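One file, start15.pdb, carrying PDB, C-alpha atoms:
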```
ATOM      1  CA  MET A   1      46.828 117.481  76.777
ATOM      2  CA  VAL A   2      48.496 117.476  73.384
ATOM      3  CA  HIS A   3      47.291 121.053  72.877
ATOM      4  CA  LEU A   4      49.101 122.145  76.050
ATOM      5  CA  ILE A   5      52.293 120.554  74.776
ATOM      6  CA  SER A   6      51.942 122.019  71.283
ATOM      7  CA  GLY A   7      51.334 125.470  72.780
ATOM      8  CA  MET A   8      54.538 125.193  74.793
ATOM      9  CA  GLN A   9      56.409 124.087  71.682
ATOM     10  CA  PHE A  10      55.099 127.074  69.734
ATOM     11  CA  ILE A  11      56.067 129.638  72.378
ATOM     12  CA  THR A  12      59.583 128.266  72.902
ATOM     13  CA  ALA A  13      60.175 128.144  69.151
ATOM     14  CA  LEU A  14      58.846 131.676  68.687
ATOM     15  CA  ILE A  15      60.671 133.386  71.550
ATOM     16  CA  ILE A  16      63.998 131.589  71.987
ATOM     17  CA  ARG A  17      64.223 129.732  68.662
ATOM     18  CA  LEU A  18      64.390 126.424  70.481
ATOM     19  CA  THR A  19      63.310 123.168  68.889
ATOM     20  CA  TRP A  20      61.547 121.342  71.716
ATOM     21  CA  ARG A  21      61.843 117.568  71.929
ATOM     22  CA  PRO A  22      60.611 115.292  74.740
ATOM     23  CA  VAL A  23      63.427 113.526  76.596
ATOM     24  CA  TRP A  24      61.928 112.147  79.812
ATOM     25  CA  ALA A  25      58.361 111.865  81.066
ATOM     26  CA  ALA A  26      56.452 110.343  83.969
ATOM     27  CA  SER A  27      52.760 109.849  84.546
ATOM     28  CA  THR A  28      50.708 109.006  87.608
ATOM     29  CA  GLY A  29      47.127 109.190  88.834
ATOM     30  CA  GLY A  30      43.983 107.451  87.702
ATOM     31  CA  ARG A  31      40.244 107.838  87.288
ATOM     32  CA  MET A  32      39.177 109.404  90.582
ATOM     33  CA  ALA A  33      35.430 109.630  89.967
ATOM     34  CA  GLN A  34      32.988 106.922  88.990
ATOM     35  CA  HIS A  35      30.929 107.983  85.997
ATOM     36  CA  ALA A  36      27.771 106.458  84.634
ATOM     37  CA  GLY A  37      28.478 103.181  82.940
ATOM     38  CA  CYS A  38      31.759 102.562  84.780
ATOM     39  CA  ALA A  39      31.486  99.532  87.020
ATOM     40  CA  THR A  40      34.853  99.873  88.740
ATOM     41  CA  ARG A  41      37.340 102.493  89.814
ATOM     42  CA  THR A  42      40.957 102.439  88.765
ATOM     43  CA  ALA A  43      42.180 104.055  92.005
ATOM     44  CA  PRO A  44      40.991 104.168  95.628
ATOM     45  CA  VAL A  45      38.846 107.148  96.581
ATOM     46  CA  ARG A  46      41.425 108.614  98.969
ATOM     47  CA  GLN A  47      44.252 108.641  96.424
ATOM     48  CA  HIS A  48      44.429 111.935  94.565
ATOM     49  CA  PRO A  49      47.169 113.106  92.190
ATOM     50  CA  VAL A  50      48.996 116.269  93.251
ATOM     51  CA  SER A  51      51.433 118.231  91.088
ATOM     52  CA  ALA A  52      53.825 120.932  92.284
ATOM     53  CA  ARG A  53      55.857 123.317  90.141
ATOM     54  CA  LEU A  54      58.728 125.406  91.485
ATOM     55  CA  THR A  55      60.710 128.114  89.733
ATOM     56  CA  LEU A  56      63.414 130.223  91.358
ATOM     57  CA  ALA A  57      64.030 132.367  88.275
ATOM     58  CA  THR A  58      61.022 134.656  88.696
ATOM     59  CA  ASN A  59      58.916 135.986  91.550
ATOM     60  CA  THR A  60      55.416 134.515  91.251
ATOM     61  CA  PRO A  61      52.544 134.288  93.753
ATOM     62  CA  GLU A  62      52.065 131.046  95.648
ATOM     63  CA  THR A  63      49.036 129.399  94.066
ATOM     64  CA  THR A  64      47.066 126.350  95.182
ATOM     65  CA  ARG A  65      44.380 125.026  92.848
ATOM     66  CA  VAL A  66      41.913 122.287  93.786
ATOM     67  CA  MET A  67      39.906 120.913  90.855
ATOM     68  CA  GLY A  68      36.781 118.840  91.442
ATOM     69  CA  THR A  69      33.644 117.712  89.692
ATOM     70  CA  HIS A  70      31.720 120.865  90.641
ATOM     71  CA  GLY A  71      34.298 123.561  90.090
ATOM     72  CA  VAL A  72      37.698 124.967  90.963
ATOM     73  CA  LEU A  73      39.007 126.384  94.246
ATOM     74  CA  GLU A  74      42.028 128.636  93.772
ATOM     75  CA  ILE A  75      44.058 130.117  96.611
ATOM     76  CA  VAL A  76      46.492 132.862  95.620
ATOM     77  CA  GLU A  77      48.249 134.256  98.678
ATOM     78  CA  ASN A  78      45.427 135.888 100.678
ATOM     79  CA  THR A  79      42.641 135.358  98.126
ATOM     80  CA  LEU A  80      40.278 132.382  97.782
ATOM     81  CA  THR A  81      38.268 132.110  94.560
ATOM     82  CA  TYR A  82      35.548 129.574  93.834
ATOM     83  CA  THR A  83      34.570 129.070  90.205
ATOM     84  CA  PRO A  84      31.600 126.670  89.982
ATOM     85  CA  GLN A  85      31.143 124.202  87.174
ATOM     86  CA  LEU A  86      28.112 122.067  86.428
ATOM     87  CA  GLY A  87      30.079 118.894  85.904
ATOM     88  CA  THR A  88      28.133 118.125  82.739
ATOM     89  CA  ASP A  89      28.572 118.905  79.065
ATOM     90  CA  THR A  90      26.832 122.110  77.996
ATOM     91  CA  GLY A  91      27.488 121.634  74.298
ATOM     92  CA  PRO A  92      28.608 119.055  71.740
ATOM     93  CA  SER A  93      32.190 117.872  71.977
ATOM     94  CA  TYR A  94      34.570 119.950  69.893
ATOM     95  CA  TYR A  95      36.267 116.733  68.838
ATOM     96  CA  ALA A  96      33.347 116.309  66.461
ATOM     97  CA  GLY A  97      35.038 118.917  64.281
ATOM     98  CA  SER A  98      37.338 116.153  63.066
ATOM     99  CA  PHE A  99      34.426 113.914  62.019
ATOM    100  CA  PRO A 100      33.392 113.644  58.374
ATOM    101  CA  ARG A 101      30.570 116.099  57.691
ATOM    102  CA  PRO A 102      27.725 113.537  57.629
ATOM    103  CA  ALA A 103      28.865 111.963  60.920
ATOM    104  CA  ARG A 104      29.421 115.385  62.539
ATOM    105  CA  GLU A 105      26.034 116.725  61.511
ATOM    106  CA  GLN A 106      24.299 113.573  62.714
ATOM    107  CA  TYR A 107      26.117 113.681  66.067
ATOM    108  CA  GLU A 108      25.343 117.365  66.653
ATOM    109  CA  GLN A 109      21.694 116.934  65.685
ATOM    110  CA  GLU A 110      21.289 114.001  68.072
ATOM    111  CA  TRP A 111      23.119 115.836  70.862
ATOM    112  CA  HIS A 112      20.910 118.941  70.624
ATOM    113  CA  ALA A 113      17.746 116.848  70.417
ATOM    114  CA  LYS A 114      18.727 115.027  73.598
ATOM    115  CA  ASN A 115      20.210 117.874  75.670
ATOM    116  CA  ASP A 116      18.862 121.263  74.575
ATOM    117  CA  ALA A 117      15.818 121.100  76.833
ATOM    118  CA  ALA A 118      18.023 120.486  79.887
ATOM    119  CA  THR A 119      20.735 123.018  79.042
ATOM    120  CA  ARG A 120      18.382 125.850  78.032
ATOM    121  CA  ASN A 121      17.564 126.779  81.643
ATOM    122  CA  LEU A 122      20.965 126.218  83.225
ATOM    123  CA  PRO A 123      21.932 128.908  85.773
ATOM    124  CA  PHE A 124      24.765 131.332  85.185
ATOM    125  CA  GLU A 125      28.038 130.306  86.807
ATOM    126  CA  GLU A 126      29.024 133.032  89.265
ATOM    127  CA  THR A 127      32.572 133.240  90.582
ATOM    128  CA  THR A 128      32.934 134.070  94.291
ATOM    129  CA  THR A 129      36.109 135.577  95.767
ATOM    130  CA  PHE A 130      37.089 135.998  99.414
ATOM    131  CA  HIS A 131      39.920 138.288 100.531
ATOM    132  CA  GLY A 132      41.891 137.907 103.735
ATOM    133  CA  PRO A 133      44.454 140.153 105.439
ATOM    134  CA  THR A 134      47.687 140.720 103.542
ATOM    135  CA  GLY A 135      51.019 139.811 105.080
ATOM    136  CA  ASP A 136      49.650 139.466 108.607
ATOM    137  CA  THR A 137      51.453 136.858 110.712
ATOM    138  CA  SER A 138      49.474 137.665 113.871
ATOM    139  CA  PRO A 139      46.936 134.809 113.421
ATOM    140  CA  HIS A 140      49.780 132.322 112.962
ATOM    141  CA  LEU A 141      51.603 133.494 116.068
ATOM    142  CA  ALA A 142      48.384 133.568 118.088
ATOM    143  CA  ASN A 143      47.593 130.006 117.031
ATOM    144  CA  PHE A 144      51.090 128.860 118.024
ATOM    145  CA  PHE A 145      51.040 130.520 121.443
ATOM    146  CA  GLU A 146      47.541 129.207 122.108
ATOM    147  CA  ALA A 147      48.689 125.670 121.279
ATOM    148  CA  VAL A 148      51.702 126.009 123.606
ATOM    149  CA  ARG A 149      49.569 127.384 126.423
ATOM    150  CA  THR A 150      46.649 124.948 126.180
ATOM    151  CA  ARG A 151      48.322 121.957 124.459
ATOM    152  CA  LYS A 152      45.482 122.057 121.966
ATOM    153  CA  PRO A 153      46.432 120.081 118.822
ATOM    154  CA  VAL A 154      47.158 122.116 115.706
ATOM    155  CA  VAL A 155      46.717 121.156 112.068
ATOM    156  CA  GLU A 156      50.365 121.623 111.084
ATOM    157  CA  ASP A 157      51.927 119.450 113.779
ATOM    158  CA  VAL A 158      55.183 117.476 113.600
ATOM    159  CA  VAL A 159      53.589 114.689 111.532
ATOM    160  CA  PHE A 160      52.242 117.286 109.117
ATOM    161  CA  GLY A 161      55.729 118.744 108.715
ATOM    162  CA  HIS A 162      57.276 115.293 108.329
ATOM    163  CA  ASN A 163      54.908 114.423 105.478
ATOM    164  CA  ALA A 164      55.624 117.719 103.703
ATOM    165  CA  ALA A 165      59.399 117.247 104.004
ATOM    166  CA  ALA A 166      59.135 113.621 102.833
ATOM    167  CA  ALA A 167      57.456 114.764  99.611
ATOM    168  CA  CYS A 168      60.312 117.209  98.926
ATOM    169  CA  HIS A 169      62.971 114.564  99.583
ATOM    170  CA  MET A 170      61.141 112.156  97.279
ATOM    171  CA  ALA A 171      61.049 114.799  94.528
ATOM    172  CA  ASN A 172      64.821 115.313  94.833
ATOM    173  CA  LEU A 173      65.465 111.583  94.714
ATOM    174  CA  ALA A 174      63.205 111.109  91.691
ATOM    175  CA  TYR A 175      64.989 113.954  89.883
ATOM    176  CA  PHE A 176      68.508 112.687  90.478
ATOM    177  CA  HIS A 177      67.692 108.999  89.943
ATOM    178  CA  LYS A 178      65.445 109.721  86.948
ATOM    179  CA  LYS A 179      62.772 107.324  88.153
ATOM    180  CA  PRO A 180      59.699 107.427  90.431
ATOM    181  CA  VAL A 181      60.250 107.141  94.190
ATOM    182  CA  THR A 182      57.698 105.574  96.521
ATOM    183  CA  TYR A 183      57.391 105.896 100.282
ATOM    184  CA  ASP A 184      56.220 103.077 102.508
ATOM    185  CA  PHE A 185      55.100 105.051 105.557
ATOM    186  CA  ALA A 186      54.628 101.851 107.539
ATOM    187  CA  LYS A 187      58.325 101.034 107.156
ATOM    188  CA  GLN A 188      59.485 104.696 107.019
ATOM    189  CA  ASN A 189      61.953 103.774 104.294
ATOM    190  CA  PRO A 190      61.661 105.639 100.975
ATOM    191  CA  LEU A 191      65.355 106.193 100.256
ATOM    192  CA  PRO A 192      67.450 104.120  97.841
ATOM    193  CA  LYS A 193      70.607 102.571  99.244
ATOM    194  CA  THR A 194      72.757 104.543  96.805
ATOM    195  CA  ARG A 195      72.263 108.294  96.950
ATOM    196  CA  PRO A 196      73.487 110.818  94.392
ATOM    197  CA  ARG A 197      76.253 113.291  95.096
ATOM    198  CA  CYS A 198      75.632 116.990  94.540
ATOM    199  CA  GLN A 199      77.199 118.175  91.281
ATOM    200  CA  GLN A 200      76.732 121.911  91.855
ATOM    201  CA  GLY A 201      79.915 122.779  93.713
ATOM    202  CA  ARG A 202      83.164 121.392  95.059
ATOM    203  CA  GLY A 203      82.875 120.060  98.570
ATOM    204  CA  ALA A 204      79.103 120.342  98.578
ATOM    205  CA  GLY A 205      78.929 116.765  99.864
ATOM    206  CA  LYS A 206      75.995 114.438  99.533
ATOM    207  CA  ILE A 207      72.415 115.415  98.980
ATOM    208  CA  PHE A 208      71.375 112.895 101.624
ATOM    209  CA  ARG A 209      73.726 111.565 104.264
ATOM    210  CA  GLU A 210      73.898 107.912 105.156
TER     211      GLU A 210
END
```

Written as C-alpha cells, how would this file's structure read?
Amino acid sequence: MVHLISGMQFITALIIRLTWRPVWAASTGGRMAQHAGCATRTAPVRQHPVSARLTLATNTPETTRVMGTHGVLEIVENTLTYTPQLGTDTGPSYYAGSFPRPAREQYEQEWHAKNDAATRNLPFEETTTFHGPTGDTSPHLANFFEAVRTRKPVVEDVVFGHNAAAACHMANLAYFHKKPVTYDFAKQNPLPKTRPRCQQGRGAGKIFRE
C-alpha cells in the first residue's frame, strides 16, 4: 500500500508541483479468507469491504471490479473480463530484497527447493472477455414491462434502491462530519441528530432535512 501512496506523491509533485501530506484517513475491512494456520476469522464471511470513487471532473467509464482468491472480475460498461489467478505464490516474495544477503540467499534457496516442483507445471493464466450490446436499453425496458405485467419480482426492487441510496447518504454524512457513519437497518436510523448545512451556495438549504 505504501507504494501506491508514494506513486501518487511522485506524480502530484512532478505534474503540479504539489507537496502531498496526509490530513485525514479512514480504514475498514478485515481478513475475509481463512488461510492455513489461522484459527479464527477477524470478520464474518458475509461482510465484504466495498470502495467507491467518484469524479465529476473527467468523463471515465463506469468500472466495477470484484477481487477474489481465484482472480479478478472487471465490468467496464458492456464488457466483462475474467482474469484468473492461482491464489498461491509463484515465486519468492520480493520483500526478500531487503534482507541481508545471507538471509536472502537462504530464503530463496529454501523457497525454490520447496516449491519449484509444484510451480514448474502451472497452467498459463488466460484472460476471458465477454462483450454485450452497447447502449441498448431495450433489455431494461423489457424487464420492467414484464415485471409490471406478471408481477414477477425483479433484482433491483424498492429495497435494492433503498440500500443503494442509503450508502450514498452515509457517504455524504461521513464526508461532512469527518467521521465514519454506521447504519442500523433494524432501527432504520443512520443519521446524526445534527446535520450539516450546505456551504456551496446561498439559500441552498440543508443537505438533509429534519

Task: Spatial sel., origin (29.5, 118.2, 86.5), limit 7 Å, only C-alpha atoms, listed as a ChimeraX atom specification - done: /A:69-70,85-88

- [ ] For the structure provided, state which residues fall under the PyMOL selection byres ((chain A and resi 74) around 12), and present them as a PyMOL selection string.
- [x] chain A and resi 61-68+71-73+75-84+127-131

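Distance-wise, atom CA of Tyr183 of chain A and atom CA of Pro153 of chain A end up 25.8 Å apart.
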
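In this model, the gap between atom CA of His162 of chain A and atom CA of Trp24 of chain A comes to 29.1 Å.
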
- [ ] Just give me the gap between atom CA of Cys168 of chain A and atom CA of Ala52 of chain A in Å, one decimal is fine.
- [x]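 Going from atom CA of Cys168 of chain A over to atom CA of Ala52 of chain A, I get 10.0 Å.
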
Open item on the list: Can you tell me which residues surround Lys114 of chain A at a distance of at most 12 Å, considering all atoms listed in the file, apart from same-chain residues fewer than 6 positions away, and format the answer as number ranges by chain?
Closed with: A: 89-92, 107-108, 120

TODO: Starting from the shown file, work through the PyMOL selection byres ((chain A and resi 170) around 9) and note down what comes out as JSON, numbers by chain.
DONE: {"A": [165, 166, 167, 168, 169, 171, 172, 173, 174, 175, 180, 181, 182, 183, 190, 191]}

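Among the candidates A:Lys179, A:Arg101, A:Thr137, A:Pro123, the residue lying nearest to Ser27 of chain A is A:Lys179 (atoms considered: only C-alpha atoms).
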
Centre and edge lengths of an axis-aligned box around all listed atoms of segment 2-12 of chain A, with 3 Å added on each side, are to be given in Å to one decimal, as lines of an AutoDock Vina configuration file.
```
center_x = 53.4
center_y = 123.6
center_z = 72.9
size_x = 18.3
size_y = 18.2
size_z = 12.3
```
